[in-house]
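Have a look at upload_10.txt below; it lists compact mmCIF, N, CA and C atoms.
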```txt
# COMPACT_ATOMS: atom_id res chain seq x y z
N MET A 57 0.85 -1.18 0.00
CA MET A 57 0.00 0.00 0.00
C MET A 57 0.89 1.24 0.00
N ASP A 58 0.64 2.12 -0.93
CA ASP A 58 1.50 3.29 -1.12
C ASP A 58 1.50 4.27 0.05
N ASP A 59 0.35 4.38 0.76
CA ASP A 59 0.27 5.38 1.81
C ASP A 59 0.39 4.79 3.22
N CYS A 60 0.74 3.53 3.33
CA CYS A 60 0.83 2.86 4.63
C CYS A 60 2.22 3.06 5.22
N VAL A 61 2.28 3.67 6.41
CA VAL A 61 3.57 3.95 7.05
C VAL A 61 4.32 2.65 7.35
N PHE A 62 3.62 1.59 7.75
CA PHE A 62 4.31 0.34 8.05
C PHE A 62 4.84 -0.32 6.78
N CYS A 63 4.09 -0.23 5.69
CA CYS A 63 4.59 -0.77 4.42
C CYS A 63 5.85 -0.01 4.00
N LYS A 64 5.88 1.30 4.24
CA LYS A 64 7.06 2.10 3.92
C LYS A 64 8.24 1.69 4.79
N ILE A 65 7.99 1.39 6.06
CA ILE A 65 9.06 0.91 6.94
C ILE A 65 9.56 -0.45 6.45
N ILE A 66 8.63 -1.35 6.13
CA ILE A 66 8.99 -2.68 5.63
C ILE A 66 9.83 -2.58 4.36
N ASN A 67 9.47 -1.66 3.48
CA ASN A 67 10.19 -1.49 2.21
C ASN A 67 11.48 -0.69 2.35
N GLY A 68 11.75 -0.16 3.53
CA GLY A 68 12.97 0.60 3.76
C GLY A 68 12.89 2.06 3.36
N ASP A 69 11.68 2.53 3.04
CA ASP A 69 11.50 3.93 2.64
C ASP A 69 11.50 4.87 3.85
N ILE A 70 11.19 4.33 5.02
CA ILE A 70 11.22 5.09 6.27
C ILE A 70 12.13 4.31 7.21
N PRO A 71 13.06 4.99 7.86
CA PRO A 71 13.98 4.27 8.77
C PRO A 71 13.27 3.78 10.02
N SER A 72 13.79 2.71 10.58
CA SER A 72 13.28 2.18 11.84
C SER A 72 14.42 1.48 12.57
N THR A 73 14.21 1.24 13.84
CA THR A 73 15.15 0.46 14.62
C THR A 73 14.63 -0.97 14.66
N LYS A 74 15.23 -1.82 13.85
CA LYS A 74 14.76 -3.20 13.69
C LYS A 74 15.24 -4.08 14.83
N ILE A 75 14.36 -4.94 15.27
CA ILE A 75 14.64 -5.91 16.32
C ILE A 75 14.76 -7.30 15.72
N TYR A 76 13.88 -7.64 14.78
CA TYR A 76 13.82 -8.97 14.18
C TYR A 76 13.22 -8.86 12.78
N GLU A 77 13.70 -9.73 11.88
CA GLU A 77 13.13 -9.75 10.54
C GLU A 77 13.30 -11.13 9.95
N ASP A 78 12.24 -11.61 9.30
CA ASP A 78 12.32 -12.81 8.47
C ASP A 78 11.46 -12.57 7.24
N ASP A 79 11.13 -13.61 6.50
CA ASP A 79 10.36 -13.43 5.26
C ASP A 79 8.95 -12.90 5.49
N ASP A 80 8.41 -13.13 6.68
CA ASP A 80 7.01 -12.81 6.95
C ASP A 80 6.78 -11.67 7.93
N VAL A 81 7.78 -11.41 8.78
CA VAL A 81 7.58 -10.53 9.94
C VAL A 81 8.71 -9.51 10.04
N LEU A 82 8.35 -8.30 10.47
CA LEU A 82 9.33 -7.31 10.87
C LEU A 82 8.95 -6.83 12.26
N ALA A 83 9.91 -6.82 13.16
CA ALA A 83 9.71 -6.27 14.50
C ALA A 83 10.65 -5.08 14.65
N PHE A 84 10.10 -3.95 15.09
CA PHE A 84 10.88 -2.72 15.22
C PHE A 84 10.32 -1.90 16.38
N PHE A 85 11.16 -0.99 16.88
CA PHE A 85 10.73 -0.12 17.97
C PHE A 85 9.60 0.80 17.51
N ASP A 86 8.57 0.90 18.36
CA ASP A 86 7.53 1.90 18.15
C ASP A 86 8.17 3.26 18.38
N ILE A 87 7.88 4.20 17.52
CA ILE A 87 8.50 5.53 17.61
C ILE A 87 8.14 6.21 18.93
N SER A 88 6.98 5.85 19.52
CA SER A 88 6.55 6.52 20.75
C SER A 88 7.27 6.01 21.99
N GLN A 89 7.82 4.80 21.95
CA GLN A 89 8.49 4.21 23.10
C GLN A 89 7.72 4.48 24.39
N VAL A 90 6.47 4.02 24.44
CA VAL A 90 5.63 4.19 25.62
C VAL A 90 6.41 3.80 26.88
N THR A 91 7.14 2.70 26.79
CA THR A 91 8.15 2.34 27.78
C THR A 91 9.39 1.94 26.98
N PRO A 92 10.57 2.00 27.55
CA PRO A 92 11.77 1.61 26.81
C PRO A 92 11.69 0.17 26.31
N GLY A 93 11.89 0.00 25.02
CA GLY A 93 11.83 -1.31 24.39
C GLY A 93 10.50 -1.62 23.73
N HIS A 94 9.54 -0.69 23.79
CA HIS A 94 8.23 -0.87 23.15
C HIS A 94 8.44 -1.23 21.68
N THR A 95 8.00 -2.43 21.32
CA THR A 95 8.26 -3.00 20.00
C THR A 95 6.96 -3.33 19.29
N LEU A 96 6.96 -3.18 17.97
CA LEU A 96 5.83 -3.58 17.14
C LEU A 96 6.23 -4.81 16.33
N VAL A 97 5.36 -5.78 16.27
CA VAL A 97 5.54 -6.96 15.42
C VAL A 97 4.51 -6.84 14.31
N VAL A 98 5.01 -6.79 13.06
CA VAL A 98 4.17 -6.44 11.92
C VAL A 98 4.32 -7.51 10.83
N PRO A 99 3.21 -7.99 10.26
CA PRO A 99 3.34 -8.86 9.10
C PRO A 99 3.84 -8.05 7.91
N LYS A 100 4.74 -8.63 7.13
CA LYS A 100 5.21 -7.91 5.94
C LYS A 100 4.11 -7.79 4.90
N LYS A 101 3.22 -8.75 4.85
CA LYS A 101 2.07 -8.66 3.96
C LYS A 101 1.09 -7.66 4.58
N HIS A 102 0.62 -6.72 3.78
CA HIS A 102 -0.32 -5.73 4.29
C HIS A 102 -1.66 -6.39 4.56
N VAL A 103 -2.03 -6.45 5.83
CA VAL A 103 -3.37 -6.85 6.24
C VAL A 103 -3.85 -5.79 7.22
N LYS A 104 -5.08 -5.39 7.07
CA LYS A 104 -5.60 -4.27 7.86
C LYS A 104 -5.68 -4.59 9.34
N ASP A 105 -6.20 -5.76 9.67
CA ASP A 105 -6.46 -6.10 11.07
C ASP A 105 -6.59 -7.60 11.23
N ILE A 106 -6.89 -8.05 12.43
CA ILE A 106 -6.97 -9.48 12.73
C ILE A 106 -8.00 -10.18 11.85
N PHE A 107 -9.03 -9.47 11.43
CA PHE A 107 -10.10 -10.05 10.64
C PHE A 107 -9.65 -10.36 9.21
N ALA A 108 -8.52 -9.83 8.79
CA ALA A 108 -8.03 -10.03 7.43
C ALA A 108 -6.98 -11.14 7.32
N TYR A 109 -6.54 -11.70 8.45
CA TYR A 109 -5.55 -12.77 8.42
C TYR A 109 -6.18 -14.06 7.91
N ASP A 110 -5.41 -14.81 7.12
CA ASP A 110 -5.79 -16.20 6.91
C ASP A 110 -5.01 -17.03 7.93
N GLU A 111 -5.35 -18.30 8.05
CA GLU A 111 -4.75 -19.13 9.09
C GLU A 111 -3.24 -19.24 8.95
N ASP A 112 -2.76 -19.35 7.72
CA ASP A 112 -1.32 -19.50 7.48
C ASP A 112 -0.55 -18.25 7.91
N LEU A 113 -1.03 -17.08 7.53
CA LEU A 113 -0.35 -15.84 7.91
C LEU A 113 -0.40 -15.66 9.43
N ALA A 114 -1.55 -15.94 10.04
CA ALA A 114 -1.65 -15.81 11.49
C ALA A 114 -0.63 -16.70 12.19
N GLU A 115 -0.49 -17.92 11.72
CA GLU A 115 0.49 -18.83 12.33
C GLU A 115 1.90 -18.28 12.19
N ARG A 116 2.24 -17.80 11.00
CA ARG A 116 3.61 -17.31 10.76
C ARG A 116 3.92 -16.04 11.55
N VAL A 117 2.95 -15.19 11.77
CA VAL A 117 3.18 -13.94 12.49
C VAL A 117 3.13 -14.17 14.01
N PHE A 118 2.06 -14.75 14.48
CA PHE A 118 1.85 -14.84 15.93
C PHE A 118 2.82 -15.80 16.61
N LYS A 119 3.34 -16.77 15.88
CA LYS A 119 4.28 -17.69 16.53
C LYS A 119 5.61 -17.01 16.86
N LYS A 120 5.89 -15.86 16.28
CA LYS A 120 7.13 -15.12 16.56
C LYS A 120 7.02 -14.27 17.82
N VAL A 121 5.81 -13.98 18.28
CA VAL A 121 5.61 -13.07 19.41
C VAL A 121 6.31 -13.56 20.68
N PRO A 122 6.15 -14.82 21.10
CA PRO A 122 6.84 -15.24 22.33
C PRO A 122 8.37 -15.12 22.24
N MET A 123 8.94 -15.47 21.10
CA MET A 123 10.40 -15.38 20.93
C MET A 123 10.87 -13.94 21.08
N ILE A 124 10.18 -13.01 20.44
CA ILE A 124 10.57 -11.61 20.49
C ILE A 124 10.33 -11.06 21.90
N ALA A 125 9.22 -11.43 22.52
CA ALA A 125 8.92 -10.98 23.88
C ALA A 125 9.99 -11.46 24.86
N ARG A 126 10.40 -12.73 24.74
CA ARG A 126 11.44 -13.24 25.63
C ARG A 126 12.75 -12.49 25.44
N ALA A 127 13.09 -12.16 24.19
CA ALA A 127 14.33 -11.43 23.93
C ALA A 127 14.28 -10.03 24.53
N ILE A 128 13.14 -9.37 24.42
CA ILE A 128 12.99 -8.04 25.02
C ILE A 128 13.16 -8.14 26.53
N LYS A 129 12.47 -9.08 27.15
CA LYS A 129 12.55 -9.22 28.62
C LYS A 129 13.98 -9.54 29.05
N ALA A 130 14.66 -10.42 28.32
CA ALA A 130 16.03 -10.80 28.68
C ALA A 130 17.02 -9.67 28.50
N SER A 131 16.65 -8.65 27.71
CA SER A 131 17.58 -7.56 27.42
C SER A 131 17.76 -6.58 28.57
N ASN A 132 16.84 -6.63 29.55
CA ASN A 132 16.91 -5.64 30.63
C ASN A 132 16.36 -6.26 31.91
N PRO A 133 17.19 -6.42 32.92
CA PRO A 133 16.71 -7.04 34.16
C PRO A 133 15.66 -6.21 34.89
N LYS A 134 15.48 -4.96 34.50
CA LYS A 134 14.46 -4.12 35.14
C LYS A 134 13.05 -4.39 34.61
N ILE A 135 12.95 -5.15 33.50
CA ILE A 135 11.64 -5.49 32.95
C ILE A 135 11.04 -6.59 33.82
N ILE A 136 9.87 -6.29 34.41
CA ILE A 136 9.24 -7.25 35.31
C ILE A 136 7.94 -7.83 34.74
N GLY A 137 7.55 -7.38 33.57
CA GLY A 137 6.33 -7.87 32.93
C GLY A 137 6.22 -7.29 31.53
N MET A 138 5.15 -7.64 30.83
CA MET A 138 4.96 -7.12 29.48
C MET A 138 3.48 -7.16 29.12
N ASN A 139 3.00 -6.08 28.54
CA ASN A 139 1.67 -6.07 27.94
C ASN A 139 1.83 -6.38 26.46
N ILE A 140 0.99 -7.27 25.96
CA ILE A 140 0.97 -7.58 24.54
C ILE A 140 -0.42 -7.21 24.05
N CYS A 141 -0.49 -6.21 23.15
CA CYS A 141 -1.76 -5.66 22.71
C CYS A 141 -1.85 -5.74 21.19
N GLN A 142 -3.03 -6.06 20.71
CA GLN A 142 -3.28 -6.09 19.27
C GLN A 142 -4.65 -5.46 19.06
N ASN A 143 -4.66 -4.22 18.58
CA ASN A 143 -5.88 -3.43 18.46
C ASN A 143 -6.45 -3.53 17.05
N ASN A 144 -7.78 -3.58 16.94
CA ASN A 144 -8.43 -3.78 15.64
C ASN A 144 -9.57 -2.80 15.45
N GLY A 145 -9.35 -1.82 14.58
CA GLY A 145 -10.34 -0.78 14.31
C GLY A 145 -10.10 0.44 15.16
N GLU A 146 -10.57 1.58 14.64
CA GLU A 146 -10.37 2.85 15.36
C GLU A 146 -10.96 2.81 16.76
N ILE A 147 -12.13 2.20 16.92
CA ILE A 147 -12.78 2.14 18.22
C ILE A 147 -11.92 1.40 19.24
N ALA A 148 -11.05 0.52 18.75
CA ALA A 148 -10.17 -0.27 19.62
C ALA A 148 -8.76 0.32 19.65
N TYR A 149 -8.63 1.57 19.26
CA TYR A 149 -7.37 2.33 19.32
C TYR A 149 -6.34 1.90 18.28
N GLN A 150 -6.76 1.30 17.17
CA GLN A 150 -5.82 1.02 16.09
C GLN A 150 -5.57 2.33 15.35
N SER A 151 -4.32 2.79 15.37
CA SER A 151 -4.00 4.08 14.76
C SER A 151 -3.38 3.94 13.38
N VAL A 152 -2.76 2.81 13.09
CA VAL A 152 -2.21 2.52 11.76
C VAL A 152 -2.97 1.31 11.23
N MET A 153 -3.59 1.45 10.08
CA MET A 153 -4.44 0.39 9.55
C MET A 153 -3.64 -0.67 8.79
N HIS A 154 -2.60 -1.13 9.44
CA HIS A 154 -1.79 -2.28 9.03
C HIS A 154 -1.62 -3.06 10.33
N SER A 155 -2.09 -4.28 10.34
CA SER A 155 -2.09 -5.06 11.58
C SER A 155 -0.72 -5.02 12.25
N HIS A 156 -0.74 -4.90 13.58
CA HIS A 156 0.51 -4.89 14.34
C HIS A 156 0.24 -5.28 15.78
N ILE A 157 1.25 -5.83 16.40
CA ILE A 157 1.16 -6.30 17.78
C ILE A 157 2.14 -5.48 18.60
N HIS A 158 1.65 -4.85 19.65
CA HIS A 158 2.49 -4.07 20.56
C HIS A 158 3.06 -4.97 21.64
N LEU A 159 4.35 -4.93 21.86
CA LEU A 159 5.00 -5.56 22.99
C LEU A 159 5.53 -4.43 23.86
N VAL A 160 4.90 -4.23 25.01
CA VAL A 160 5.21 -3.08 25.87
C VAL A 160 5.82 -3.60 27.17
N PRO A 161 7.15 -3.48 27.29
CA PRO A 161 7.80 -3.91 28.54
C PRO A 161 7.30 -3.08 29.72
N ARG A 162 7.16 -3.75 30.87
CA ARG A 162 6.71 -3.06 32.07
C ARG A 162 7.81 -3.07 33.11
N TYR A 163 8.03 -1.91 33.68
CA TYR A 163 9.10 -1.70 34.65
C TYR A 163 8.58 -1.47 36.07
N SER A 164 7.39 -0.90 36.17
CA SER A 164 6.77 -0.64 37.47
C SER A 164 5.33 -0.22 37.22
N LYS A 165 4.56 -0.12 38.29
CA LYS A 165 3.19 0.39 38.19
C LYS A 165 3.17 1.86 37.82
N ASP A 166 4.30 2.53 37.95
CA ASP A 166 4.38 3.96 37.69
C ASP A 166 4.99 4.31 36.34
N ASP A 167 5.18 3.30 35.45
CA ASP A 167 5.72 3.64 34.13
C ASP A 167 4.61 4.30 33.29
N ALA A 168 4.88 4.58 32.04
CA ALA A 168 3.98 5.41 31.24
C ALA A 168 2.86 4.64 30.54
N PHE A 169 2.59 3.41 30.96
CA PHE A 169 1.54 2.61 30.33
C PHE A 169 0.47 2.27 31.35
N SER A 170 -0.78 2.33 30.93
CA SER A 170 -1.87 1.90 31.80
C SER A 170 -3.02 1.37 30.96
N MET A 171 -3.83 0.54 31.58
CA MET A 171 -5.05 0.02 30.95
C MET A 171 -6.16 0.09 32.00
N HIS A 172 -7.37 0.25 31.53
CA HIS A 172 -8.53 0.23 32.43
C HIS A 172 -9.49 -0.83 31.93
N TRP A 173 -9.86 -1.75 32.79
CA TRP A 173 -10.83 -2.79 32.47
C TRP A 173 -12.06 -2.54 33.32
N GLY A 174 -13.18 -2.30 32.67
CA GLY A 174 -14.43 -2.16 33.41
C GLY A 174 -14.83 -3.51 34.00
N ASP A 175 -15.55 -3.48 35.08
CA ASP A 175 -16.01 -4.71 35.72
C ASP A 175 -17.53 -4.79 35.60
N ASN A 176 -18.00 -5.65 34.74
CA ASN A 176 -19.43 -5.85 34.53
C ASN A 176 -19.90 -7.18 35.09
N THR A 177 -19.17 -7.67 36.08
CA THR A 177 -19.52 -8.94 36.71
C THR A 177 -20.97 -8.90 37.19
N GLY A 178 -21.72 -9.91 36.82
CA GLY A 178 -23.09 -10.05 37.30
C GLY A 178 -24.13 -9.24 36.54
N LEU A 179 -23.72 -8.46 35.55
CA LEU A 179 -24.71 -7.65 34.81
C LEU A 179 -25.51 -8.48 33.81
N ALA A 180 -24.93 -9.58 33.34
CA ALA A 180 -25.63 -10.46 32.40
C ALA A 180 -26.01 -11.74 33.13
N SER A 181 -27.21 -12.21 32.85
CA SER A 181 -27.65 -13.47 33.45
C SER A 181 -26.91 -14.63 32.78
N ALA A 182 -26.99 -15.80 33.40
CA ALA A 182 -26.38 -16.99 32.81
C ALA A 182 -26.99 -17.27 31.44
N GLU A 183 -28.28 -17.02 31.28
CA GLU A 183 -28.94 -17.24 29.99
C GLU A 183 -28.41 -16.27 28.93
N GLU A 184 -28.23 -14.99 29.31
CA GLU A 184 -27.69 -14.01 28.36
C GLU A 184 -26.27 -14.38 27.95
N LEU A 185 -25.47 -14.81 28.90
CA LEU A 185 -24.10 -15.24 28.58
C LEU A 185 -24.12 -16.43 27.64
N GLN A 186 -25.00 -17.39 27.89
CA GLN A 186 -25.08 -18.57 27.03
C GLN A 186 -25.54 -18.20 25.63
N THR A 187 -26.49 -17.27 25.51
CA THR A 187 -26.95 -16.82 24.19
C THR A 187 -25.80 -16.16 23.42
N ARG A 188 -25.01 -15.32 24.10
CA ARG A 188 -23.84 -14.70 23.46
C ARG A 188 -22.86 -15.77 23.00
N ALA A 189 -22.57 -16.72 23.87
CA ALA A 189 -21.62 -17.79 23.54
C ALA A 189 -22.12 -18.59 22.34
N ASP A 190 -23.39 -18.91 22.31
CA ASP A 190 -23.95 -19.69 21.21
C ASP A 190 -23.84 -18.94 19.88
N LYS A 191 -24.07 -17.64 19.90
CA LYS A 191 -23.95 -16.84 18.66
C LYS A 191 -22.50 -16.84 18.16
N ILE A 192 -21.55 -16.76 19.08
CA ILE A 192 -20.13 -16.81 18.68
C ILE A 192 -19.83 -18.19 18.11
N LYS A 193 -20.25 -19.24 18.80
CA LYS A 193 -19.97 -20.61 18.35
C LYS A 193 -20.51 -20.86 16.94
N GLU A 194 -21.68 -20.29 16.62
CA GLU A 194 -22.28 -20.45 15.30
C GLU A 194 -21.40 -19.87 14.20
N ASN A 195 -20.53 -18.93 14.55
CA ASN A 195 -19.72 -18.24 13.55
C ASN A 195 -18.26 -18.71 13.54
N LEU A 196 -17.92 -19.71 14.34
CA LEU A 196 -16.56 -20.23 14.32
C LEU A 196 -16.29 -20.95 13.01
N GLU A 197 -15.09 -20.74 12.50
CA GLU A 197 -14.67 -21.39 11.25
C GLU A 197 -13.71 -22.50 11.58
N ASP A 198 -13.81 -23.62 10.90
CA ASP A 198 -12.85 -24.71 11.09
C ASP A 198 -11.78 -24.67 10.05
```

Starting from the coordinates I provided, produce the structure as structure tokens.
Amino acid sequence: MDDCVFCKIINGDIPSTKIYEDDDVLAFFDISQVTPGHTLVVPKKHVKDIFAYDEDLAERVFKKVPMIARAIKASNPKIIGMNICQNNGEIAYQSVMHSHIHLVPRYSKDDAFSMHWGDNTGLASAEELQTRADKIKENLED
């Protein structure tokens, strides 16, 4: 894609600090460095989001995440955890419409990253939960 910033990085038109590269994947530092070592794992094939992956591409991309995450953690003894985020669509905070996985090293509760999870425990009945689950199951692909 001509206007995709990640495609330009993959093609070498925009510089980046590369962490890992193979035929299918490029991992490089996020320019924002939310925390030191914040890395993006990107498929070299342009796919907009998780909904555009086929099974083969998903396997080739996602199987690299643990290896890269372990390398990031091993690089700095101050890293005590890691958030791994994959956002899909503007509503889910996807800012570049080329699928990517954020690996955000965590150093303390006071670093520059945070997440908020609402707690809706008990708001749905067991029947409502089962209806939701059944609708999802109907749409699973083998």

request  = In Å, rounded to a single decimal, give me how far CA of Asp105 (chain A) is from CA of Gly145 (chain A).
outcome  =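 Answer for the CA of Gly145 (chain A) to CA of Asp105 (chain A) separation: 7.3 Å.
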
request  = From region 85-180 of chain A, collect each residue whose DSSP state is helix (DSSP H, G or I) and return the set as a ChimeraX atom specification.
outcome  = /A:106-108,111-118,121-130,146-148

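Compared by their closest atoms to Val90 (chain A), and using all atoms listed in the file, the residues A:Asp59, A:Asn143, A:Asp167, A:Pro133 rank with A:Asp167 nearest.
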
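In the backbone-derived DSSP annotation, strand (DSSP E) within region 82-181 of chain A comprises Leu82, Ala83, Phe84, Phe85, Thr95, Leu96, Val97, Val98, Pro99, Gly137, Met138, Asn139, Ile140, Cys141, Ile157, His158, Leu159, Val160, Pro161 and Arg162 of chain A.
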
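Of the listed residues A:Pro99, A:Pro122, A:Gly68, A:Gly174, the one whose atoms come nearest to Ser155 (chain A) is A:Pro99, with distances taken using only C-alpha atoms.
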
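For the pair atom C of Ile75 (chain A) and atom C of Val97 (chain A), the interatomic distance is 10.4 Å.
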
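Note that atom N of Ile136 (chain A) and atom C of Arg116 (chain A) are 25.6 Å apart.
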
task = Can you pull out every residue within 7 Å of Asp86 (chain A), counting only N, CA and C atoms, but drop anything in the same chain fewer than 4 positions away, and send it as number ranges by chain?
result = A: 90, 93-96

task = Select, from A:Ile135, A:Ala148, A:Ala125, A:Ile66, the residue with the minimum atom-to-atom distance to Ile106 (chain A), counting only C-alpha atoms.
result = A:Ala148

ask   = Of the residues A:Ala189, A:Tyr109, A:Gly137, A:Ala182, which is the one nearest to Tyr163 (chain A), using only N, CA and C atoms?
value = A:Gly137

message = Taking 6 positions as the minimum chain separation for residues in the same chain, which residues sit within 12 Å of Phe85 (chain A) when counting only C-alpha atoms? Answer as a list in words.
response =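 Selected residues are Phe62, Ile65, Pro71, Ser72, Thr73, Lys74, Ile75, Tyr76, Thr91, Pro92, Gly93, His94, Thr95, Leu96, Val97, Val98, Ile124, Ile128, His156, Ile157, His158, Leu159, Val160 and Pro161 of chain A.
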
Selected residues written out, N, CA and C atoms, as an mmCIF file, keeping the file's coordinate frame:
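File selection-v1.cif, as written:
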```cif
data_model
loop_
_atom_site.group_PDB
_atom_site.id
_atom_site.type_symbol
_atom_site.label_atom_id
_atom_site.label_comp_id
_atom_site.auth_asym_id
_atom_site.auth_seq_id
_atom_site.Cartn_x
_atom_site.Cartn_y
_atom_site.Cartn_z
ATOM 1 N N PHE A 62 3.620 1.590 7.750
ATOM 2 C CA PHE A 62 4.310 0.340 8.050
ATOM 3 C C PHE A 62 4.840 -0.320 6.780
ATOM 4 N N ILE A 65 7.990 1.390 6.060
ATOM 5 C CA ILE A 65 9.060 0.910 6.940
ATOM 6 C C ILE A 65 9.560 -0.450 6.450
ATOM 7 N N PRO A 71 13.060 4.990 7.860
ATOM 8 C CA PRO A 71 13.980 4.270 8.770
ATOM 9 C C PRO A 71 13.270 3.780 10.020
ATOM 10 N N SER A 72 13.790 2.710 10.580
ATOM 11 C CA SER A 72 13.280 2.180 11.840
ATOM 12 C C SER A 72 14.420 1.480 12.570
ATOM 13 N N THR A 73 14.210 1.240 13.840
ATOM 14 C CA THR A 73 15.150 0.460 14.620
ATOM 15 C C THR A 73 14.630 -0.970 14.660
ATOM 16 N N LYS A 74 15.230 -1.820 13.850
ATOM 17 C CA LYS A 74 14.760 -3.200 13.690
ATOM 18 C C LYS A 74 15.240 -4.080 14.830
ATOM 19 N N ILE A 75 14.360 -4.940 15.270
ATOM 20 C CA ILE A 75 14.640 -5.910 16.320
ATOM 21 C C ILE A 75 14.760 -7.300 15.720
ATOM 22 N N TYR A 76 13.880 -7.640 14.780
ATOM 23 C CA TYR A 76 13.820 -8.970 14.180
ATOM 24 C C TYR A 76 13.220 -8.860 12.780
ATOM 25 N N THR A 91 7.140 2.700 26.790
ATOM 26 C CA THR A 91 8.150 2.340 27.780
ATOM 27 C C THR A 91 9.390 1.940 26.980
ATOM 28 N N PRO A 92 10.570 2.000 27.550
ATOM 29 C CA PRO A 92 11.770 1.610 26.810
ATOM 30 C C PRO A 92 11.690 0.170 26.310
ATOM 31 N N GLY A 93 11.890 0.000 25.020
ATOM 32 C CA GLY A 93 11.830 -1.310 24.390
ATOM 33 C C GLY A 93 10.500 -1.620 23.730
ATOM 34 N N HIS A 94 9.540 -0.690 23.790
ATOM 35 C CA HIS A 94 8.230 -0.870 23.150
ATOM 36 C C HIS A 94 8.440 -1.230 21.680
ATOM 37 N N THR A 95 8.000 -2.430 21.320
ATOM 38 C CA THR A 95 8.260 -3.000 20.000
ATOM 39 C C THR A 95 6.960 -3.330 19.290
ATOM 40 N N LEU A 96 6.960 -3.180 17.970
ATOM 41 C CA LEU A 96 5.830 -3.580 17.140
ATOM 42 C C LEU A 96 6.230 -4.810 16.330
ATOM 43 N N VAL A 97 5.360 -5.780 16.270
ATOM 44 C CA VAL A 97 5.540 -6.960 15.420
ATOM 45 C C VAL A 97 4.510 -6.840 14.310
ATOM 46 N N VAL A 98 5.010 -6.790 13.060
ATOM 47 C CA VAL A 98 4.170 -6.440 11.920
ATOM 48 C C VAL A 98 4.320 -7.510 10.830
ATOM 49 N N ILE A 124 10.180 -13.010 20.440
ATOM 50 C CA ILE A 124 10.570 -11.610 20.490
ATOM 51 C C ILE A 124 10.330 -11.060 21.900
ATOM 52 N N ILE A 128 13.140 -9.370 24.420
ATOM 53 C CA ILE A 128 12.990 -8.040 25.020
ATOM 54 C C ILE A 128 13.160 -8.140 26.530
ATOM 55 N N HIS A 156 -0.740 -4.900 13.580
ATOM 56 C CA HIS A 156 0.510 -4.890 14.340
ATOM 57 C C HIS A 156 0.240 -5.280 15.780
ATOM 58 N N ILE A 157 1.250 -5.830 16.400
ATOM 59 C CA ILE A 157 1.160 -6.300 17.780
ATOM 60 C C ILE A 157 2.140 -5.480 18.600
ATOM 61 N N HIS A 158 1.650 -4.850 19.650
ATOM 62 C CA HIS A 158 2.490 -4.070 20.560
ATOM 63 C C HIS A 158 3.060 -4.970 21.640
ATOM 64 N N LEU A 159 4.350 -4.930 21.860
ATOM 65 C CA LEU A 159 5.000 -5.560 22.990
ATOM 66 C C LEU A 159 5.530 -4.430 23.860
ATOM 67 N N VAL A 160 4.900 -4.230 25.010
ATOM 68 C CA VAL A 160 5.210 -3.080 25.870
ATOM 69 C C VAL A 160 5.820 -3.600 27.170
ATOM 70 N N PRO A 161 7.150 -3.480 27.290
ATOM 71 C CA PRO A 161 7.800 -3.910 28.540
ATOM 72 C C PRO A 161 7.300 -3.080 29.720
#
```

Once you add 6 Å to each side, what are the centre and edge lengths of the axis-aligned box holding all listed atoms of region 109-120 of chain A? One decimal in Å, as AutoDock Vina command-line options, if you can.
```
--center_x 0.3 --center_y -15.6 --center_z 12.4 --size_x 25.7 --size_y 19.8 --size_z 22.9
```

task = Show me as a ChimeraX atom specification the residues that reach within 7 Å of (1.6, -5.1, 34.5), counting all atoms listed in the file and using the file's own coordinates.
result = /A:136-139,162,164-165
